[in-house]
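Participant: query.txt is reproduced in full below (compact mmCIF, C-alpha atoms).
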```txt
# COMPACT_ATOMS: atom_id res chain seq x y z
CA MET A 1 1.31 22.00 4.79
CA PRO A 2 1.62 19.04 7.17
CA SER A 3 1.72 15.51 5.80
CA PHE A 4 2.24 11.94 6.96
CA HIS A 5 2.96 8.60 5.33
CA HIS A 6 0.43 5.80 5.11
CA GLY A 7 2.71 3.03 4.00
CA ASP A 8 4.64 4.47 1.06
CA VAL A 9 1.98 7.07 0.25
CA GLU A 10 2.40 10.63 1.46
CA ILE A 11 -0.89 12.27 2.43
CA ALA A 12 -1.17 16.04 2.91
CA PHE A 13 -3.69 17.42 5.39
CA LEU A 14 -4.76 20.43 7.40
CA ASP A 15 -5.64 20.44 11.10
CA GLU A 16 -7.12 23.64 12.47
CA GLY A 17 -9.25 24.81 15.38
CA GLU A 18 -10.15 23.25 18.69
CA GLY A 19 -13.06 21.20 19.93
CA ASP A 20 -14.76 18.01 18.78
CA PRO A 21 -13.07 16.77 15.59
CA ILE A 22 -14.74 16.68 12.19
CA LEU A 23 -12.86 15.18 9.28
CA LEU A 24 -13.58 16.34 5.72
CA VAL A 25 -13.06 14.11 2.66
CA HIS A 26 -13.19 15.84 -0.73
CA GLY A 27 -14.54 14.66 -4.05
CA PHE A 28 -12.97 13.36 -7.24
CA ALA A 29 -10.63 15.81 -9.04
CA SER A 30 -10.95 18.26 -6.14
CA SER A 31 -8.76 18.90 -3.09
CA LYS A 32 -9.07 19.93 0.53
CA ASN A 33 -8.68 23.57 -0.52
CA VAL A 34 -11.11 23.54 -3.44
CA ASN A 35 -13.78 21.47 -1.66
CA TRP A 36 -13.51 22.78 1.90
CA VAL A 37 -11.25 25.83 2.37
CA TYR A 38 -12.36 28.10 -0.48
CA PRO A 39 -16.13 27.54 0.13
CA THR A 40 -15.39 28.50 3.80
CA TRP A 41 -16.37 25.15 5.31
CA VAL A 42 -13.18 25.08 7.36
CA SER A 43 -13.56 28.59 8.76
CA ASP A 44 -17.30 28.15 9.38
CA LEU A 45 -16.82 24.90 11.28
CA LYS A 46 -14.02 26.45 13.33
CA LYS A 47 -16.38 29.30 14.26
CA ASP A 48 -18.80 26.63 15.47
CA GLY A 49 -16.14 25.43 17.89
CA ARG A 50 -14.90 22.43 15.94
CA ARG A 51 -11.46 21.01 15.28
CA VAL A 52 -11.40 20.67 11.49
CA ILE A 53 -9.21 18.14 9.70
CA ALA A 54 -9.15 17.71 5.93
CA LEU A 55 -6.90 15.58 3.75
CA ASP A 56 -5.90 15.60 0.11
CA ASN A 57 -6.91 12.17 -1.15
CA ARG A 58 -4.14 10.13 -2.76
CA GLY A 59 -3.66 11.31 -6.33
CA HIS A 60 -5.08 14.73 -5.51
CA GLY A 61 -3.88 18.12 -4.27
CA GLU A 62 -0.56 17.96 -2.45
CA SER A 63 -0.70 14.22 -1.74
CA ALA A 64 1.29 11.58 -3.62
CA LYS A 65 0.37 10.93 -7.24
CA LEU A 66 -0.01 7.26 -8.10
CA TYR A 67 -0.61 5.82 -11.56
CA ASP A 68 -1.66 2.24 -10.80
CA SER A 69 -5.45 2.07 -10.63
CA ALA A 70 -5.23 -0.76 -8.07
CA GLN A 71 -3.83 1.79 -5.59
CA TYR A 72 -7.17 3.63 -5.69
CA GLU A 73 -9.53 0.83 -4.69
CA ILE A 74 -12.23 2.54 -2.63
CA ALA A 75 -11.42 0.68 0.61
CA ILE A 76 -7.73 1.56 0.22
CA MET A 77 -8.60 5.24 -0.25
CA ALA A 78 -10.91 5.08 2.77
CA SER A 79 -8.13 3.55 4.87
CA ASP A 80 -6.12 6.77 4.40
CA VAL A 81 -8.77 8.54 6.48
CA ILE A 82 -8.40 6.11 9.38
CA ALA A 83 -4.61 6.31 9.07
CA LEU A 84 -4.84 10.10 9.42
CA MET A 85 -7.04 9.74 12.51
CA ASP A 86 -4.47 7.33 13.96
CA HIS A 87 -1.64 9.74 13.10
CA LEU A 88 -3.44 12.51 15.01
CA ASN A 89 -4.48 10.19 17.88
CA ILE A 90 -8.18 10.76 17.19
CA ASP A 91 -10.27 7.83 18.37
CA ARG A 92 -13.61 8.99 16.98
CA ALA A 93 -14.84 11.81 14.77
CA ASP A 94 -17.67 13.09 12.65
CA VAL A 95 -16.77 12.55 8.99
CA MET A 96 -18.18 14.54 6.07
CA GLY A 97 -17.49 13.50 2.51
CA TYR A 98 -18.47 14.90 -0.84
CA SER A 99 -19.09 12.71 -3.91
CA LEU A 100 -16.13 10.27 -4.04
CA GLY A 101 -15.34 11.37 -0.48
CA SER A 102 -18.83 10.30 0.55
CA ARG A 103 -18.34 6.91 -1.05
CA MET A 104 -15.15 6.56 1.01
CA THR A 105 -17.03 7.70 4.12
CA ALA A 106 -19.79 5.15 3.56
CA VAL A 107 -17.17 2.39 3.40
CA LEU A 108 -15.77 3.58 6.73
CA ALA A 109 -19.25 3.59 8.26
CA LEU A 110 -19.67 -0.01 7.19
CA GLU A 111 -16.21 -1.27 8.16
CA GLN A 112 -15.11 0.99 11.04
CA PRO A 113 -18.31 2.29 12.69
CA GLN A 114 -16.64 2.53 16.09
CA ARG A 115 -14.41 5.32 14.74
CA LEU A 116 -17.30 7.48 13.51
CA ARG A 117 -19.68 9.52 15.63
CA SER A 118 -21.69 10.41 12.51
CA ILE A 119 -21.35 10.66 8.75
CA ILE A 120 -22.46 13.32 6.30
CA LEU A 121 -22.78 12.07 2.73
CA GLY A 122 -22.66 15.16 0.54
CA GLY A 123 -23.09 14.91 -3.21
CA ILE A 124 -24.09 11.25 -3.24
CA GLY A 125 -27.52 9.66 -3.29
CA ILE A 126 -28.62 6.36 -4.74
CA GLY A 127 -25.59 6.58 -7.03
CA LEU A 128 -23.70 5.07 -4.09
CA ILE A 129 -25.44 1.81 -5.03
CA ALA A 130 -26.73 2.28 -8.56
CA GLY A 131 -23.65 3.94 -10.04
CA GLY A 132 -23.67 6.73 -12.56
CA GLY A 133 -21.49 9.79 -12.41
CA PRO A 134 -18.04 9.89 -13.97
CA GLY A 135 -17.01 6.77 -15.89
CA GLU A 136 -14.65 5.79 -18.66
CA ASN A 137 -15.83 8.80 -20.66
CA VAL A 138 -14.32 11.05 -17.99
CA ALA A 139 -11.10 9.01 -17.78
CA ALA A 140 -10.72 9.34 -21.54
CA ALA A 141 -11.38 13.08 -21.30
CA LEU A 142 -8.68 13.44 -18.67
CA GLU A 143 -6.21 11.65 -20.93
CA ALA A 144 -7.10 13.63 -24.08
CA PRO A 145 -4.44 16.00 -25.46
CA SER A 146 -6.58 19.05 -24.71
CA LEU A 147 -10.07 20.14 -23.72
CA ASP A 148 -10.75 20.90 -27.38
CA ASP A 149 -10.41 17.19 -28.13
CA VAL A 150 -13.22 16.24 -25.69
CA THR A 151 -16.77 16.08 -27.06
CA ASP A 152 -18.52 14.20 -24.25
CA PRO A 153 -20.32 16.85 -22.11
CA VAL A 154 -19.65 15.19 -18.73
CA GLY A 155 -16.08 14.51 -19.77
CA ARG A 156 -15.65 18.16 -20.72
CA THR A 157 -16.96 19.29 -17.33
CA PHE A 158 -14.50 17.18 -15.38
CA ARG A 159 -11.61 17.90 -17.77
CA ALA A 160 -12.18 21.63 -17.45
CA PHE A 161 -12.34 21.30 -13.66
CA ALA A 162 -9.10 19.29 -13.59
CA ASP A 163 -7.40 21.87 -15.80
CA GLN A 164 -8.68 24.68 -13.60
CA THR A 165 -7.32 23.03 -10.45
CA ARG A 166 -4.05 22.11 -12.21
CA SER A 167 -4.51 18.49 -11.22
CA ASP A 168 -2.37 15.55 -12.31
CA ARG A 169 -4.77 14.22 -14.95
CA ARG A 170 -3.04 10.86 -15.36
CA ALA A 171 -3.33 10.20 -11.61
CA LEU A 172 -7.00 11.21 -11.71
CA ALA A 173 -7.70 8.81 -14.57
CA ALA A 174 -6.09 5.99 -12.58
CA CYS A 175 -8.14 6.99 -9.53
CA LEU A 176 -11.36 6.97 -11.50
CA ARG A 177 -10.70 3.52 -12.91
CA GLY A 178 -9.66 2.10 -9.54
CA SER A 179 -12.38 3.50 -7.29
CA ARG A 180 -15.47 2.36 -9.18
CA ARG A 181 -16.64 -0.39 -6.85
CA LEU A 182 -20.18 0.35 -5.71
CA MET A 183 -21.80 -0.44 -2.39
CA THR A 184 -24.56 -3.04 -2.45
CA ARG A 185 -28.03 -2.31 -1.15
CA GLU A 186 -27.43 -4.86 1.61
CA GLU A 187 -24.19 -3.16 2.68
CA ALA A 188 -25.82 0.27 2.80
CA ALA A 189 -28.64 -1.15 4.90
CA ARG A 190 -26.04 -2.23 7.49
CA ILE A 191 -24.84 1.34 8.12
CA THR A 192 -25.82 2.16 11.69
CA VAL A 193 -24.04 5.43 12.50
CA PRO A 194 -26.15 8.63 12.39
CA THR A 195 -26.24 9.70 8.75
CA LEU A 196 -27.11 12.90 6.87
CA ILE A 197 -27.51 12.66 3.09
CA ALA A 198 -27.20 16.08 1.40
CA VAL A 199 -27.68 16.40 -2.36
CA GLY A 200 -28.50 19.29 -4.69
CA SER A 201 -31.99 19.13 -6.17
CA LYS A 202 -30.49 19.52 -9.67
CA ASP A 203 -27.63 17.07 -9.10
CA GLU A 204 -27.81 14.52 -11.93
CA ILE A 205 -24.56 12.83 -10.89
CA ALA A 206 -25.37 11.87 -7.29
CA GLY A 207 -28.74 10.22 -7.85
CA SER A 208 -31.74 10.51 -5.53
CA ALA A 209 -30.99 11.39 -1.90
CA SER A 210 -34.36 10.15 -0.71
CA ALA A 211 -33.88 6.79 -2.43
CA LEU A 212 -30.64 6.28 -0.50
CA GLY A 213 -32.31 7.56 2.65
CA GLU A 214 -34.87 4.78 2.40
CA ILE A 215 -32.06 2.22 2.54
CA ILE A 216 -29.77 3.58 5.28
CA PRO A 217 -31.66 3.08 8.57
CA GLY A 218 -32.61 6.26 10.41
CA SER A 219 -30.82 8.55 7.99
CA THR A 220 -31.78 12.20 7.47
CA VAL A 221 -32.17 13.61 3.94
CA LEU A 222 -31.34 17.22 3.06
CA ASP A 223 -32.31 18.56 -0.37
CA ILE A 224 -30.16 21.53 -1.41
CA PRO A 225 -32.50 23.65 -3.57
CA ASN A 226 -31.59 24.56 -7.15
CA ARG A 227 -28.01 23.30 -6.93
CA ASP A 228 -26.22 20.85 -9.19
CA HIS A 229 -23.25 18.64 -8.28
CA MET A 230 -20.63 21.35 -8.65
CA ARG A 231 -22.59 24.24 -7.12
CA ALA A 232 -24.03 22.58 -4.01
CA VAL A 233 -20.71 22.47 -2.16
CA GLY A 234 -20.73 25.91 -0.57
CA ASP A 235 -24.50 26.42 -0.40
CA LYS A 236 -25.89 28.04 2.75
CA VAL A 237 -28.75 25.52 3.00
CA TYR A 238 -26.18 22.71 2.98
CA LYS A 239 -24.15 24.42 5.70
CA ALA A 240 -27.19 25.15 7.87
CA GLY A 241 -28.39 21.56 7.48
CA VAL A 242 -25.03 20.18 8.53
CA ALA A 243 -24.87 22.51 11.54
CA GLY A 244 -28.34 21.45 12.61
CA PHE A 245 -27.57 17.76 12.16
CA LEU A 246 -24.37 17.97 14.18
CA SER A 247 -26.00 19.98 16.96
CA GLN A 248 -28.63 17.28 17.47
CA LEU A 249 -26.06 14.55 18.06
CA GLY A 250 -25.44 15.66 21.62
```
Any chance you could give the structure as structure tokens?
Facilitator:
Amino acid sequence: MPSFHHGDVEIAFLDEGEGDPILLVHGFASSKNVNWVYPTWVSDLKKDGRRVIALDNRGHGESAKLYDSAQYEIAIMASDVIALMDHLNIDRADVMGYSLGSRMTAVLALEQPQRLRSIILGGIGIGLIAGGGPGENVAAALEAPSLDDVTDPVGRTFRAFADQTRSDRRALAACLRGSRRLMTREEAARITVPTLIAVGSKDEIAGSASALGEIIPGSTVLDIPNRDHMRAVGDKVYKAGVAGFLSQLG
């Protein structure tokens, strides 16, 4: 698996296919494989004639594991995406995130809009601003001796997922504590790149997609029917909505 260094941090990535680039940014406790390869996003986008790039966020997958929460500030994590684009000599790309990856993508849209042709915010709605989702309860669950020691239901969900993906739980806990900064309503309202917001209709972690859509100017909202936060990722409605959104960009 190819990798590069952003400062002292090694970041693993994949780069497949040919055509206009789209960069994929996975969610918390996931990886490029779990979020994008296994649900066939990478192969489907390649079939659509796209060059597909996906990274393992710091602390995740095959990238470096860091244990200082300050190393996971959301803008620092987002800067890894731009560093990867620079490493691959990509001036501008569509960027699709999921959950934490969408929060990173929104920061890029605010701070580096010239590098983004469009953004797709999967698995995040008004939670981008209002918060919610995994908190200290999840960090504590990740640090517990075993899943049997976790009673909090959300904590159990994320702990079981981290165990299933054989993640470095201490690095994930540091990531969770370091990446909590939310975007303000005023910041979100300054996002000007074309935006698709895609959230499962049963997603209680992301918050309302339409509420966020009312704040980001000109954004498009896609409701993914009958899907929660974990099960929306590979949904065919999500994929069709993304394909339609990208095809309209010209």
Participant: With distances taken over all atoms listed in the file, which residue among A:Ala12, A:Leu249, A:Ala243, A:Leu23 lies nearest Lys47 (chain A)?
Facilitator: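 The closest residue to Lys47 (chain A) is A:Ala243.
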Participant: Hey, what's within 12 Å of Gly155 (chain A) if we count all atoms listed in the file and toss same-chain stuff fewer than 5 positions away? As a PDB file with C-alpha atoms, in the coordinates of the input, please?
Facilitator:
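Done, and the output landed in around10.pdb:
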```
ATOM      1  CA  GLY A 133     -21.490   9.790 -12.410  1.00  0.00           C
ATOM      2  CA  PRO A 134     -18.040   9.890 -13.970  1.00  0.00           C
ATOM      3  CA  GLY A 135     -17.010   6.770 -15.890  1.00  0.00           C
ATOM      4  CA  GLU A 136     -14.650   5.790 -18.660  1.00  0.00           C
ATOM      5  CA  ASN A 137     -15.830   8.800 -20.660  1.00  0.00           C
ATOM      6  CA  VAL A 138     -14.320  11.050 -17.990  1.00  0.00           C
ATOM      7  CA  ALA A 139     -11.100   9.010 -17.780  1.00  0.00           C
ATOM      8  CA  ALA A 140     -10.720   9.340 -21.540  1.00  0.00           C
ATOM      9  CA  ALA A 141     -11.380  13.080 -21.300  1.00  0.00           C
ATOM     10  CA  LEU A 142      -8.680  13.440 -18.670  1.00  0.00           C
ATOM     11  CA  GLU A 143      -6.210  11.650 -20.930  1.00  0.00           C
ATOM     12  CA  ALA A 144      -7.100  13.630 -24.080  1.00  0.00           C
ATOM     13  CA  SER A 146      -6.580  19.050 -24.710  1.00  0.00           C
ATOM     14  CA  LEU A 147     -10.070  20.140 -23.720  1.00  0.00           C
ATOM     15  CA  ASP A 148     -10.750  20.900 -27.380  1.00  0.00           C
ATOM     16  CA  ASP A 149     -10.410  17.190 -28.130  1.00  0.00           C
ATOM     17  CA  VAL A 150     -13.220  16.240 -25.690  1.00  0.00           C
ATOM     18  CA  ALA A 160     -12.180  21.630 -17.450  1.00  0.00           C
ATOM     19  CA  PHE A 161     -12.340  21.300 -13.660  1.00  0.00           C
ATOM     20  CA  ALA A 162      -9.100  19.290 -13.590  1.00  0.00           C
ATOM     21  CA  ALA A 173      -7.700   8.810 -14.570  1.00  0.00           C
TER      22      ALA A 173
END
```
Participant: Using all atoms listed in the file, which of A:Ile119, A:Leu212, A:Leu182, A:Cys175 sits nearest Val242 (chain A)?
Facilitator: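 Result for the nearest residue to Val242 (chain A): A:Ile119.
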Participant: What's the 10 Å shell around Met104 (chain A), counting only C-alpha atoms, without same-chain residues fewer than 2 positions away, as a list of chain:residue names?
Facilitator: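 Using only C-alpha atoms, the neighbours found are A:Val25, A:His26, A:Gly27, A:Glu73, A:Ile74, A:Ala75, A:Ile76, A:Met77, A:Ala78, A:Ser79, A:Asp80, A:Val81, A:Met96, A:Gly97, A:Tyr98, A:Ser99, A:Leu100, A:Gly101, A:Ser102, A:Ala106, A:Val107, A:Leu108, A:Ala109, A:Leu121, A:Ser179.
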Participant: For each of A:His6, A:Arg51, A:Arg180, A:Arg166, take the minimum atom-to-atom distance to Ser69 (chain A), counting all atoms listed in the file, then give the residue where this is smallest.
Facilitator: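 Among the listed residues, the smallest separation from Ser69 (chain A) belongs to A:Arg180.
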Participant: Restrict the calculation to only C-alpha atoms, then for each residue of region 103-174 of chain A with any atom at most 12 Å from an atom of region 229-232 of chain A give the closest atom pair and their distance in Å to one decimal, rows by chain and rising residue number, as CSV.
Facilitator:
```
residue,atom,partner,partner_atom,distance
A:Gly122,CA,A:Ala232,CA,8.8
A:Gly123,CA,A:His229,CA,6.3
A:Ile124,CA,A:His229,CA,9.0
A:Gly125,CA,A:His229,CA,11.1
A:Gly133,CA,A:His229,CA,9.9
A:Pro134,CA,A:His229,CA,11.7
A:Val154,CA,A:His229,CA,11.6
A:Thr157,CA,A:Met230,CA,9.6
A:Phe158,CA,A:Met230,CA,10.0
A:Phe161,CA,A:Met230,CA,9.7
```
Participant: Which one of A:Arg103, A:Thr151, A:Ser3, A:Tyr38 sits closest to Glu62 (chain A) if you count only C-alpha atoms?
Facilitator: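 Under the stated criterion, the closest residue is A:Ser3.
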Participant: For a quick check of understanding, using all atoms listed in the file, which of A:Ser118, A:Ile215, A:Arg227, A:Gly207 has the smallest distance to Leu246 (chain A)?
Facilitator: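 The closest residue to Leu246 (chain A) is A:Ser118.
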Participant: Taking into account all atoms listed in the file, which residue in the set A:Ala64, A:Leu176, A:Gly200, A:Phe4 is nearest to Val233 (chain A)?
Facilitator: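 The shortest atom-to-atom distance to Val233 (chain A) comes from A:Gly200.
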Participant: Grab the CA of Asn57 (chain A) to CA of Val9 (chain A) distance for me, in Å with one decimal place.
Facilitator: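 CA of Asn57 (chain A) sits 10.3 Å away from CA of Val9 (chain A).
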Participant: When you draw a straight line from CA of Asp228 (chain A) to CA of Glu16 (chain A), how long is it in Å?
Facilitator: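 Separation of CA of Asp228 (chain A) and CA of Glu16 (chain A): 29.0 Å.
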Participant: If I put a ball of radius 9 Å at (-11.5, 22.9, 16.7) in the file's coordinates, which residues poke into it when counting all atoms listed in the file, written as an MDAnalysis selection string?
Facilitator: chainID A and resid 15:22 45:53
Participant: Could you jot down the CA of Ser219 (chain A) to CA of Ala206 (chain A) separation for me, Å, one decimal place?
Facilitator: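 CA of Ser219 (chain A) sits 16.6 Å away from CA of Ala206 (chain A).
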Participant: Name the residues in contact with Phe13 (chain A) at a cut-off of 8 Å, using all atoms listed in the file, excluding same-chain residues fewer than 2 positions from it; report them as a compact mmCIF listing (two decimals) with C-alpha atoms, in the frame of the given file.
Facilitator:
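Saved the output as result02.txt:
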```
# COMPACT_ATOMS: atom_id res chain seq x y z
CA MET A 1 1.31 22.00 4.79
CA PRO A 2 1.62 19.04 7.17
CA SER A 3 1.72 15.51 5.80
CA ILE A 11 -0.89 12.27 2.43
CA ASP A 15 -5.64 20.44 11.10
CA LYS A 32 -9.07 19.93 0.53
CA ILE A 53 -9.21 18.14 9.70
CA ALA A 54 -9.15 17.71 5.93
CA LEU A 55 -6.90 15.58 3.75
CA ASP A 56 -5.90 15.60 0.11
```
Participant: Near Phe245 (chain A), counting only C-alpha atoms, which residues have an atom at most 9 Å away, once you skip same-chain residues fewer than 4 positions from it, shown as a PDB file with C-alpha atoms, in the frame of the given file?
Facilitator:
```pdb
ATOM      1  CA  ILE A 120     -22.460  13.320   6.300  1.00  0.00           C
ATOM      2  CA  THR A 195     -26.240   9.700   8.750  1.00  0.00           C
ATOM      3  CA  LEU A 196     -27.110  12.900   6.870  1.00  0.00           C
ATOM      4  CA  THR A 220     -31.780  12.200   7.470  1.00  0.00           C
ATOM      5  CA  ALA A 240     -27.190  25.150   7.870  1.00  0.00           C
ATOM      6  CA  GLY A 241     -28.390  21.560   7.480  1.00  0.00           C
ATOM      7  CA  LEU A 249     -26.060  14.550  18.060  1.00  0.00           C
TER       8      LEU A 249
END
```
Participant: Within 6 Å of region 169-172 of chain A, counting all atoms listed in the file, which residues qualify if same-chain residues fewer than 4 places away don't, as JSON, numbers by chain?
Facilitator: {"A": [59, 65, 66, 67, 142]}
